[in-house]
Amino acid sequence: MFPVKQPWLCKALGCYDCCIRCLGAVPYASLLATLLCYTGVALFCGGGHEALTHTHTFIELNFARDVQDFIVLADFIKYFQYVIYGLASFFFLYGLLLLAEGFYTTSAVKQTFGEFRSTQFGRGLSLTLIILTYILAVIWLVIFGFTAVPVLFFINMKSSCHKVNILSETTLFNQQSRVCMDARMYGFLPWNAVPGIVCGNTLANICKTPEFHMTYDLYICAFAGAGITLLALFIYVVATTYNYAILRFLGRKGIRC
């Protein structure tokens, strides 16, 4: 296919109209949403999986001495990593399905095939995808909020470490020991977990470890991936709703597509 930037070349070869129809048949909104969806899911699944693995080590070394205090979070990490595998597979197939539906319902494609008619089954399939995508967007909104919790924890922890370092350089002796970070208040550990909290210079030393920075960066990647995926689902909802409205309009008017 030759680019439209050189229409004289297309005309010379007798394929200008074909190029225009071909480019016009592309559902750009669905294509953009698919690319965003794949990018977001890849960031969320990859970053989230590795972040959970590092969290297991990070919490166990710094906030929970007794393995029984950590067992609930450890089980959650293990099972949610399996969920991540399923999410990656599901969205790969679902993205292809929505992209195919976008090609099916794009008006330019229907104009290319003059004898093509949208069937009742096709309109029902489009409506089903709208409802399913809307439900997925709501669910993913919850996941997006859920991924913000560990990011907030690490932001607060980094801020607390910065405050400890500032107090350590002043004449306010022992004031830094009052600056603490409690993992229990974020729901990571039960309230009877020991120690569950770190303070002062111990907290500042934890923030200097590579494990802290690696886990922090991975959670940011997972958070960004969840946001990109949510944006992709919203674009899917808009695109599929518009395409369904076109199908309904043409169906009521009895217009050949």
# chains A, B, ... in the order shown; residues from 1 in each chain; ligands from 1
call {"tool": "residues_around", "arguments": {"residues": "Phe80 of chain A", "least_positions_apart": "2", "cutoff": "12 Å", "atoms": "only C-alpha atoms", "output": "PDB file with N, CA, C and O atoms, in the first residue's frame"}}
result
ATOM      1  N   CYS A  45       0.965  -5.901  34.216  1.00  0.00           N
ATOM      2  CA  CYS A  45       1.245  -7.302  34.537  1.00  0.00           C
ATOM      3  C   CYS A  45       2.728  -7.526  34.828  1.00  0.00           C
ATOM      4  O   CYS A  45       3.091  -8.181  35.806  1.00  0.00           O
ATOM      5  N   GLY A  48       3.631  -5.250  37.937  1.00  0.00           N
ATOM      6  CA  GLY A  48       2.930  -5.734  39.121  1.00  0.00           C
ATOM      7  C   GLY A  48       3.458  -7.060  39.617  1.00  0.00           C
ATOM      8  O   GLY A  48       3.608  -7.281  40.819  1.00  0.00           O
ATOM      9  N   HIS A  49       3.745  -7.972  38.696  1.00  0.00           N
ATOM     10  CA  HIS A  49       4.262  -9.288  39.083  1.00  0.00           C
ATOM     11  C   HIS A  49       5.601  -9.159  39.806  1.00  0.00           C
ATOM     12  O   HIS A  49       5.816  -9.740  40.880  1.00  0.00           O
ATOM     13  N   GLU A  50       6.511  -8.376  39.231  1.00  0.00           N
ATOM     14  CA  GLU A  50       7.822  -8.212  39.852  1.00  0.00           C
ATOM     15  C   GLU A  50       7.740  -7.392  41.138  1.00  0.00           C
ATOM     16  O   GLU A  50       8.475  -7.653  42.096  1.00  0.00           O
ATOM     17  N   ALA A  51       6.834  -6.398  41.162  1.00  0.00           N
ATOM     18  CA  ALA A  51       6.670  -5.599  42.373  1.00  0.00           C
ATOM     19  C   ALA A  51       6.174  -6.449  43.536  1.00  0.00           C
ATOM     20  O   ALA A  51       6.638  -6.303  44.675  1.00  0.00           O
ATOM     21  N   LEU A  52       5.247  -7.352  43.274  1.00  0.00           N
ATOM     22  CA  LEU A  52       4.749  -8.230  44.332  1.00  0.00           C
ATOM     23  C   LEU A  52       5.851  -9.162  44.838  1.00  0.00           C
ATOM     24  O   LEU A  52       5.936  -9.452  46.034  1.00  0.00           O
ATOM     25  N   THR A  53       6.688  -9.635  43.916  1.00  0.00           N
ATOM     26  CA  THR A  53       7.796 -10.497  44.323  1.00  0.00           C
ATOM     27  C   THR A  53       8.761  -9.749  45.243  1.00  0.00           C
ATOM     28  O   THR A  53       9.196 -10.277  46.282  1.00  0.00           O
ATOM     29  N   LEU A  73      -0.516 -11.875  53.683  1.00  0.00           N
ATOM     30  CA  LEU A  73      -0.014 -11.095  52.558  1.00  0.00           C
ATOM     31  C   LEU A  73       0.743 -11.975  51.574  1.00  0.00           C
ATOM     32  O   LEU A  73       0.646 -11.783  50.351  1.00  0.00           O
ATOM     33  N   ALA A  74       1.480 -12.946  52.078  1.00  0.00           N
ATOM     34  CA  ALA A  74       2.226 -13.860  51.198  1.00  0.00           C
ATOM     35  C   ALA A  74       1.274 -14.673  50.327  1.00  0.00           C
ATOM     36  O   ALA A  74       1.527 -14.863  49.126  1.00  0.00           O
ATOM     37  N   ASP A  75       0.170 -15.154  50.913  1.00  0.00           N
ATOM     38  CA  ASP A  75      -0.816 -15.898  50.125  1.00  0.00           C
ATOM     39  C   ASP A  75      -1.477 -15.006  49.081  1.00  0.00           C
ATOM     40  O   ASP A  75      -1.720 -15.434  47.936  1.00  0.00           O
ATOM     41  N   PHE A  76      -1.769 -13.771  49.473  1.00  0.00           N
ATOM     42  CA  PHE A  76      -2.378 -12.832  48.525  1.00  0.00           C
ATOM     43  C   PHE A  76      -1.446 -12.585  47.342  1.00  0.00           C
ATOM     44  O   PHE A  76      -1.885 -12.569  46.178  1.00  0.00           O
ATOM     45  N   ILE A  77      -0.152 -12.387  47.625  1.00  0.00           N
ATOM     46  CA  ILE A  77       0.822 -12.148  46.559  1.00  0.00           C
ATOM     47  C   ILE A  77       0.884 -13.344  45.611  1.00  0.00           C
ATOM     48  O   ILE A  77       0.892 -13.190  44.382  1.00  0.00           O
ATOM     49  N   LYS A  78       0.899 -14.531  46.177  1.00  0.00           N
ATOM     50  CA  LYS A  78       1.010 -15.733  45.351  1.00  0.00           C
ATOM     51  C   LYS A  78      -0.198 -15.886  44.434  1.00  0.00           C
ATOM     52  O   LYS A  78      -0.037 -16.128  43.218  1.00  0.00           O
ATOM     53  N   TYR A  82      -0.977 -15.268  39.961  1.00  0.00           N
ATOM     54  CA  TYR A  82      -1.682 -16.141  39.020  1.00  0.00           C
ATOM     55  C   TYR A  82      -2.789 -15.364  38.301  1.00  0.00           C
ATOM     56  O   TYR A  82      -3.050 -15.591  37.112  1.00  0.00           O
ATOM     57  N   VAL A  83      -3.446 -14.458  39.010  1.00  0.00           N
ATOM     58  CA  VAL A  83      -4.476 -13.629  38.389  1.00  0.00           C
ATOM     59  C   VAL A  83      -3.868 -12.767  37.284  1.00  0.00           C
ATOM     60  O   VAL A  83      -4.481 -12.551  36.226  1.00  0.00           O
ATOM     61  N   ILE A  84      -2.657 -12.281  37.516  1.00  0.00           N
ATOM     62  CA  ILE A  84      -1.977 -11.454  36.519  1.00  0.00           C
ATOM     63  C   ILE A  84      -1.747 -12.236  35.232  1.00  0.00           C
ATOM     64  O   ILE A  84      -1.924 -11.712  34.123  1.00  0.00           O
ATOM     65  N   TYR A  85      -1.380 -13.504  35.347  1.00  0.00           N
ATOM     66  CA  TYR A  85      -1.205 -14.337  34.149  1.00  0.00           C
ATOM     67  C   TYR A  85      -2.516 -14.416  33.360  1.00  0.00           C
ATOM     68  O   TYR A  85      -2.524 -14.322  32.122  1.00  0.00           O
ATOM     69  N   GLY A  86      -3.610 -14.618  34.069  1.00  0.00           N
ATOM     70  CA  GLY A  86      -4.906 -14.698  33.408  1.00  0.00           C
ATOM     71  C   GLY A  86      -5.315 -13.378  32.770  1.00  0.00           C
ATOM     72  O   GLY A  86      -5.885 -13.366  31.670  1.00  0.00           O
ATOM     73  N   LEU A  87      -5.032 -12.253  33.451  1.00  0.00           N
ATOM     74  CA  LEU A  87      -5.368 -10.948  32.894  1.00  0.00           C
ATOM     75  C   LEU A  87      -4.621 -10.692  31.589  1.00  0.00           C
ATOM     76  O   LEU A  87      -5.194 -10.167  30.626  1.00  0.00           O
ATOM     77  N   ILE A 143      -9.298  -1.568  40.220  1.00  0.00           N
ATOM     78  CA  ILE A 143      -7.905  -2.036  40.207  1.00  0.00           C
ATOM     79  C   ILE A 143      -6.945  -0.853  40.165  1.00  0.00           C
ATOM     80  O   ILE A 143      -5.900  -0.846  40.835  1.00  0.00           O
TER      81      ILE A 143
END
call {"tool": "residues_around", "arguments": {"residues": "Ala88 of chain A", "least_positions_apart": "4", "cutoff": "12 Å", "atoms": "only C-alpha atoms", "output": "PyMOL selection string"}}
result
chain A and resi 37-46+48-49+81-84+92-95+229
call {"tool": "write_last_selection", "arguments": {"atoms": "C-alpha atoms", "output": "short mmCIF file (atom, residue, chain, number, x, y, z; two decimals), in the first residue's frame"}}
result
data_model
loop_
_atom_site.label_atom_id
_atom_site.label_comp_id
_atom_site.auth_asym_id
_atom_site.auth_seq_id
_atom_site.Cartn_x
_atom_site.Cartn_y
_atom_site.Cartn_z
CA CYS A 37 -4.53 -1.63 26.04
CA TYR A 38 -1.61 -3.89 25.16
CA THR A 39 0.91 -1.34 26.45
CA GLY A 40 -0.98 -0.77 29.69
CA VAL A 41 -1.58 -4.45 30.38
CA ALA A 42 2.07 -5.23 29.68
CA LEU A 43 3.21 -2.56 32.15
CA PHE A 44 0.66 -3.56 34.76
CA CYS A 45 1.25 -7.30 34.54
CA GLY A 46 5.01 -7.14 34.19
CA GLY A 48 2.93 -5.73 39.12
CA HIS A 49 4.26 -9.29 39.08
CA GLN A 81 0.37 -13.31 40.54
CA TYR A 82 -1.68 -16.14 39.02
CA VAL A 83 -4.48 -13.63 38.39
CA ILE A 84 -1.98 -11.45 36.52
CA PHE A 92 -4.70 -10.06 24.56
CA LEU A 93 -7.68 -11.96 23.16
CA TYR A 94 -10.25 -9.31 24.13
CA GLY A 95 -8.23 -6.57 22.44
CA THR A 229 -5.42 0.32 30.35
#
call {"tool": "closest_residue", "arguments": {"among": "A:Phe58, A:Leu96, A:Cys180, A:Ile135", "to": "His213 of chain A", "atoms": "only C-alpha atoms"}}
result
A:Phe58
call {"tool": "closest_residue", "arguments": {"among": "A:Phe188, A:Phe146, A:Phe234, A:Phe223", "to": "Ile59 of chain A", "atoms": "only C-alpha atoms"}}
result
A:Phe188
call {"tool": "residues_around", "arguments": {"residues": "Leu98 of chain A", "least_positions_apart": "4", "cutoff": "9 Å", "atoms": "only C-alpha atoms", "output": "PDB file with all heavy atoms, in the first residue's frame"}}
result
ATOM      1  N   SER A  30     -10.400   2.290  17.583  1.00  0.00           N
ATOM      2  CA  SER A  30     -10.207   0.947  18.114  1.00  0.00           C
ATOM      3  C   SER A  30      -8.743   0.523  18.034  1.00  0.00           C
ATOM      4  O   SER A  30      -8.232  -0.154  18.924  1.00  0.00           O
ATOM      5  CB  SER A  30     -11.076  -0.053  17.345  1.00  0.00           C
ATOM      6  OG  SER A  30     -12.447   0.231  17.517  1.00  0.00           O
ATOM      7  N   THR A  34      -6.496  -0.406  21.187  1.00  0.00           N
ATOM      8  CA  THR A  34      -5.831  -1.706  21.268  1.00  0.00           C
ATOM      9  C   THR A  34      -4.361  -1.549  21.611  1.00  0.00           C
ATOM     10  O   THR A  34      -3.824  -2.279  22.461  1.00  0.00           O
ATOM     11  CB  THR A  34      -5.976  -2.462  19.937  1.00  0.00           C
ATOM     12  OG1 THR A  34      -7.371  -2.628  19.640  1.00  0.00           O
ATOM     13  CG2 THR A  34      -5.328  -3.831  20.017  1.00  0.00           C
ATOM     14  N   LEU A  93      -6.610 -11.468  24.018  1.00  0.00           N
ATOM     15  CA  LEU A  93      -7.685 -11.958  23.158  1.00  0.00           C
ATOM     16  C   LEU A  93      -8.820 -10.943  23.051  1.00  0.00           C
ATOM     17  O   LEU A  93      -9.395 -10.746  21.970  1.00  0.00           O
ATOM     18  CB  LEU A  93      -8.220 -13.286  23.713  1.00  0.00           C
ATOM     19  CG  LEU A  93      -7.222 -14.447  23.738  1.00  0.00           C
ATOM     20  CD1 LEU A  93      -7.841 -15.665  24.401  1.00  0.00           C
ATOM     21  CD2 LEU A  93      -6.756 -14.786  22.328  1.00  0.00           C
ATOM     22  N   TYR A  94      -9.144 -10.269  24.144  1.00  0.00           N
ATOM     23  CA  TYR A  94     -10.249  -9.315  24.129  1.00  0.00           C
ATOM     24  C   TYR A  94      -9.910  -8.100  23.270  1.00  0.00           C
ATOM     25  O   TYR A  94     -10.781  -7.548  22.579  1.00  0.00           O
ATOM     26  CB  TYR A  94     -10.573  -8.874  25.554  1.00  0.00           C
ATOM     27  CG  TYR A  94     -11.877  -8.130  25.668  1.00  0.00           C
ATOM     28  CD1 TYR A  94     -13.089  -8.782  25.449  1.00  0.00           C
ATOM     29  CD2 TYR A  94     -11.902  -6.776  25.991  1.00  0.00           C
ATOM     30  CE1 TYR A  94     -14.293  -8.097  25.550  1.00  0.00           C
ATOM     31  CE2 TYR A  94     -13.096  -6.089  26.093  1.00  0.00           C
ATOM     32  CZ  TYR A  94     -14.290  -6.757  25.878  1.00  0.00           C
ATOM     33  OH  TYR A  94     -15.482  -6.077  25.972  1.00  0.00           O
ATOM     34  N   GLY A 102     -14.302  -3.407  15.626  1.00  0.00           N
ATOM     35  CA  GLY A 102     -14.141  -2.067  15.077  1.00  0.00           C
ATOM     36  C   GLY A 102     -14.065  -2.081  13.562  1.00  0.00           C
ATOM     37  O   GLY A 102     -14.679  -1.247  12.884  1.00  0.00           O
ATOM     38  N   PHE A 103     -13.335  -3.035  13.011  1.00  0.00           N
ATOM     39  CA  PHE A 103     -13.282  -3.177  11.554  1.00  0.00           C
ATOM     40  C   PHE A 103     -14.656  -3.529  10.988  1.00  0.00           C
ATOM     41  O   PHE A 103     -15.048  -3.043   9.922  1.00  0.00           O
ATOM     42  CB  PHE A 103     -12.275  -4.267  11.166  1.00  0.00           C
ATOM     43  CG  PHE A 103     -10.856  -3.782  11.076  1.00  0.00           C
ATOM     44  CD1 PHE A 103      -9.957  -4.061  12.084  1.00  0.00           C
ATOM     45  CD2 PHE A 103     -10.435  -3.049   9.982  1.00  0.00           C
ATOM     46  CE1 PHE A 103      -8.645  -3.618  11.998  1.00  0.00           C
ATOM     47  CE2 PHE A 103      -9.127  -2.597   9.883  1.00  0.00           C
ATOM     48  CZ  PHE A 103      -8.226  -2.885  10.907  1.00  0.00           C
ATOM     49  N   LEU A 129     -20.655  -6.323  23.523  1.00  0.00           N
ATOM     50  CA  LEU A 129     -19.294  -5.837  23.748  1.00  0.00           C
ATOM     51  C   LEU A 129     -19.294  -4.493  24.465  1.00  0.00           C
ATOM     52  O   LEU A 129     -18.414  -4.219  25.290  1.00  0.00           O
ATOM     53  CB  LEU A 129     -18.553  -5.722  22.414  1.00  0.00           C
ATOM     54  CG  LEU A 129     -18.174  -7.053  21.752  1.00  0.00           C
ATOM     55  CD1 LEU A 129     -17.540  -6.803  20.394  1.00  0.00           C
ATOM     56  CD2 LEU A 129     -17.243  -7.853  22.642  1.00  0.00           C
ATOM     57  N   TYR A 236     -12.454   2.361  24.089  1.00  0.00           N
ATOM     58  CA  TYR A 236     -13.234   1.251  23.548  1.00  0.00           C
ATOM     59  C   TYR A 236     -14.734   1.493  23.728  1.00  0.00           C
ATOM     60  O   TYR A 236     -15.531   1.239  22.816  1.00  0.00           O
ATOM     61  CB  TYR A 236     -12.859  -0.048  24.245  1.00  0.00           C
ATOM     62  CG  TYR A 236     -11.680  -0.776  23.652  1.00  0.00           C
ATOM     63  CD1 TYR A 236     -10.714  -1.337  24.478  1.00  0.00           C
ATOM     64  CD2 TYR A 236     -11.544  -0.942  22.283  1.00  0.00           C
ATOM     65  CE1 TYR A 236      -9.628  -2.022  23.954  1.00  0.00           C
ATOM     66  CE2 TYR A 236     -10.467  -1.625  21.742  1.00  0.00           C
ATOM     67  CZ  TYR A 236      -9.508  -2.166  22.585  1.00  0.00           C
ATOM     68  OH  TYR A 236      -8.449  -2.841  22.055  1.00  0.00           O
ATOM     69  N   THR A 240     -17.090   1.710  20.512  1.00  0.00           N
ATOM     70  CA  THR A 240     -18.113   0.697  20.285  1.00  0.00           C
ATOM     71  C   THR A 240     -19.520   1.273  20.393  1.00  0.00           C
ATOM     72  O   THR A 240     -20.427   0.849  19.660  1.00  0.00           O
ATOM     73  CB  THR A 240     -17.954  -0.462  21.292  1.00  0.00           C
ATOM     74  OG1 THR A 240     -17.918   0.070  22.636  1.00  0.00           O
ATOM     75  CG2 THR A 240     -16.682  -1.235  21.046  1.00  0.00           C
TER      76      THR A 240
END
call {"tool": "atom_distance", "arguments": {"atom1": "atom CA of Arg178 of chain A", "atom2": "atom CA of Val72 of chain A"}}
result
28.9 Å
call {"tool": "select_by_dssp", "arguments": {"residues": "segment 149-243 of chain A", "states": "strand (DSSP E or B)", "output": "PyMOL selection string"}}
result
chain A and resi 180-182+195+197-199
call {"tool": "write_last_selection", "arguments": {"atoms": "C-alpha atoms", "output": "JSON list (two decimals), in the first residue's frame"}}
result
[["chain", "number", "residue", "atom", "x", "y", "z"],
["A", 180, "CYS", "CA", 8.00, 6.47, 61.66],
["A", 181, "MET", "CA", 6.44, 4.40, 58.91],
["A", 182, "ASP", "CA", 3.75, 1.89, 59.86],
["A", 195, "PRO", "CA", 7.48, -4.84, 64.52],
["A", 197, "ILE", "CA", 6.71, -0.12, 62.15],
["A", 198, "VAL", "CA", 10.17, 1.36, 61.57],
["A", 199, "CYS", "CA", 11.43, 4.72, 62.77]]
call {"tool": "closest_residue", "arguments": {"among": "A:Ala222, A:Ala245, A:Ala193, A:Met214", "to": "Gln68 of chain A", "atoms": "only C-alpha atoms"}}
result
A:Ala193
call {"tool": "closest_residue", "arguments": {"among": "A:Leu97, A:Glu60, A:Thr170, A:Ala183", "to": "Val149 of chain A", "atoms": "only C-alpha atoms"}}
result
A:Ala183
call {"tool": "residues_around", "arguments": {"residues": "Ile131 of chain A", "least_positions_apart": "3", "cutoff": "12 Å", "atoms": "only C-alpha atoms", "output": "list in words"}}
result
Gly124, Leu125, Ser126, Leu127, Thr128, Tyr134, Ile135, Leu136, Ala137, Val138, Leu233, Tyr236, Val237, Val238, Thr240, Thr241 and Tyr244 of chain A
call {"tool": "select_by_dssp", "arguments": {"residues": "segment 88-238 of chain A", "states": "helix (DSSP H, G or I)", "output": "number ranges by chain"}}
result
A: 88-105, 107-112, 120-168, 176-178, 183-186, 200-207, 210-238
call {"tool": "atom_distance", "arguments": {"atom1": "atom CA of Lys208 of chain A", "atom2": "atom CA of Ile155 of chain A"}}
result
13.9 Å
call {"tool": "residues_around", "arguments": {"residues": "Val151 of chain A", "least_positions_apart": "6", "cutoff": "8 Å", "atoms": "only C-alpha atoms", "output": "number ranges by chain"}}
result
A: 216, 219-220, 223
call {"tool": "write_last_selection", "arguments": {"atoms": "all heavy atoms", "output": "short mmCIF file (atom, residue, chain, number, x, y, z; two decimals), in the first residue's frame"}}
result
data_model
loop_
_atom_site.label_atom_id
_atom_site.label_comp_id
_atom_site.auth_asym_id
_atom_site.auth_seq_id
_atom_site.Cartn_x
_atom_site.Cartn_y
_atom_site.Cartn_z
N TYR A 216 9.69 0.38 44.54
CA TYR A 216 9.01 1.66 44.30
C TYR A 216 8.81 1.90 42.80
O TYR A 216 7.69 2.21 42.35
CB TYR A 216 9.85 2.77 44.93
CG TYR A 216 9.24 4.15 44.85
CD1 TYR A 216 7.86 4.35 44.70
CD2 TYR A 216 10.05 5.29 44.92
CE1 TYR A 216 7.32 5.62 44.66
CE2 TYR A 216 9.51 6.56 44.87
CZ TYR A 216 8.15 6.72 44.73
OH TYR A 216 7.61 7.97 44.67
N TYR A 219 6.18 -0.51 41.23
CA TYR A 219 4.80 -0.15 41.53
C TYR A 219 4.35 1.07 40.72
O TYR A 219 3.17 1.16 40.35
CB TYR A 219 4.63 0.12 43.03
CG TYR A 219 4.31 -1.13 43.81
CD1 TYR A 219 5.16 -1.58 44.83
CD2 TYR A 219 3.16 -1.87 43.56
CE1 TYR A 219 4.87 -2.72 45.54
CE2 TYR A 219 2.86 -3.01 44.27
CZ TYR A 219 3.72 -3.43 45.27
OH TYR A 219 3.43 -4.57 45.97
N ILE A 220 5.25 1.98 40.45
CA ILE A 220 4.91 3.11 39.59
C ILE A 220 4.59 2.62 38.17
O ILE A 220 3.64 3.09 37.54
CB ILE A 220 6.06 4.13 39.57
CG1 ILE A 220 6.17 4.83 40.93
CG2 ILE A 220 5.84 5.17 38.47
CD1 ILE A 220 7.32 5.82 41.02
N PHE A 223 1.18 1.04 38.29
CA PHE A 223 0.17 2.09 38.42
C PHE A 223 -0.06 2.79 37.08
O PHE A 223 -1.21 3.02 36.67
CB PHE A 223 0.60 3.09 39.49
CG PHE A 223 -0.36 4.23 39.68
CD1 PHE A 223 -1.58 4.03 40.30
CD2 PHE A 223 -0.03 5.51 39.25
CE1 PHE A 223 -2.47 5.09 40.49
CE2 PHE A 223 -0.90 6.56 39.43
CZ PHE A 223 -2.12 6.35 40.05
#
call {"tool": "closest_residue", "arguments": {"among": "A:Thr57, A:Gly200, A:Phe90, A:Thr147", "to": "Leu167 of chain A", "atoms": "only C-alpha atoms"}}
result
A:Gly200
call {"tool": "atom_distance", "arguments": {"atom1": "atom CA of Val194 of chain A", "atom2": "atom CA of Arg65 of chain A"}}
result
6.1 Å
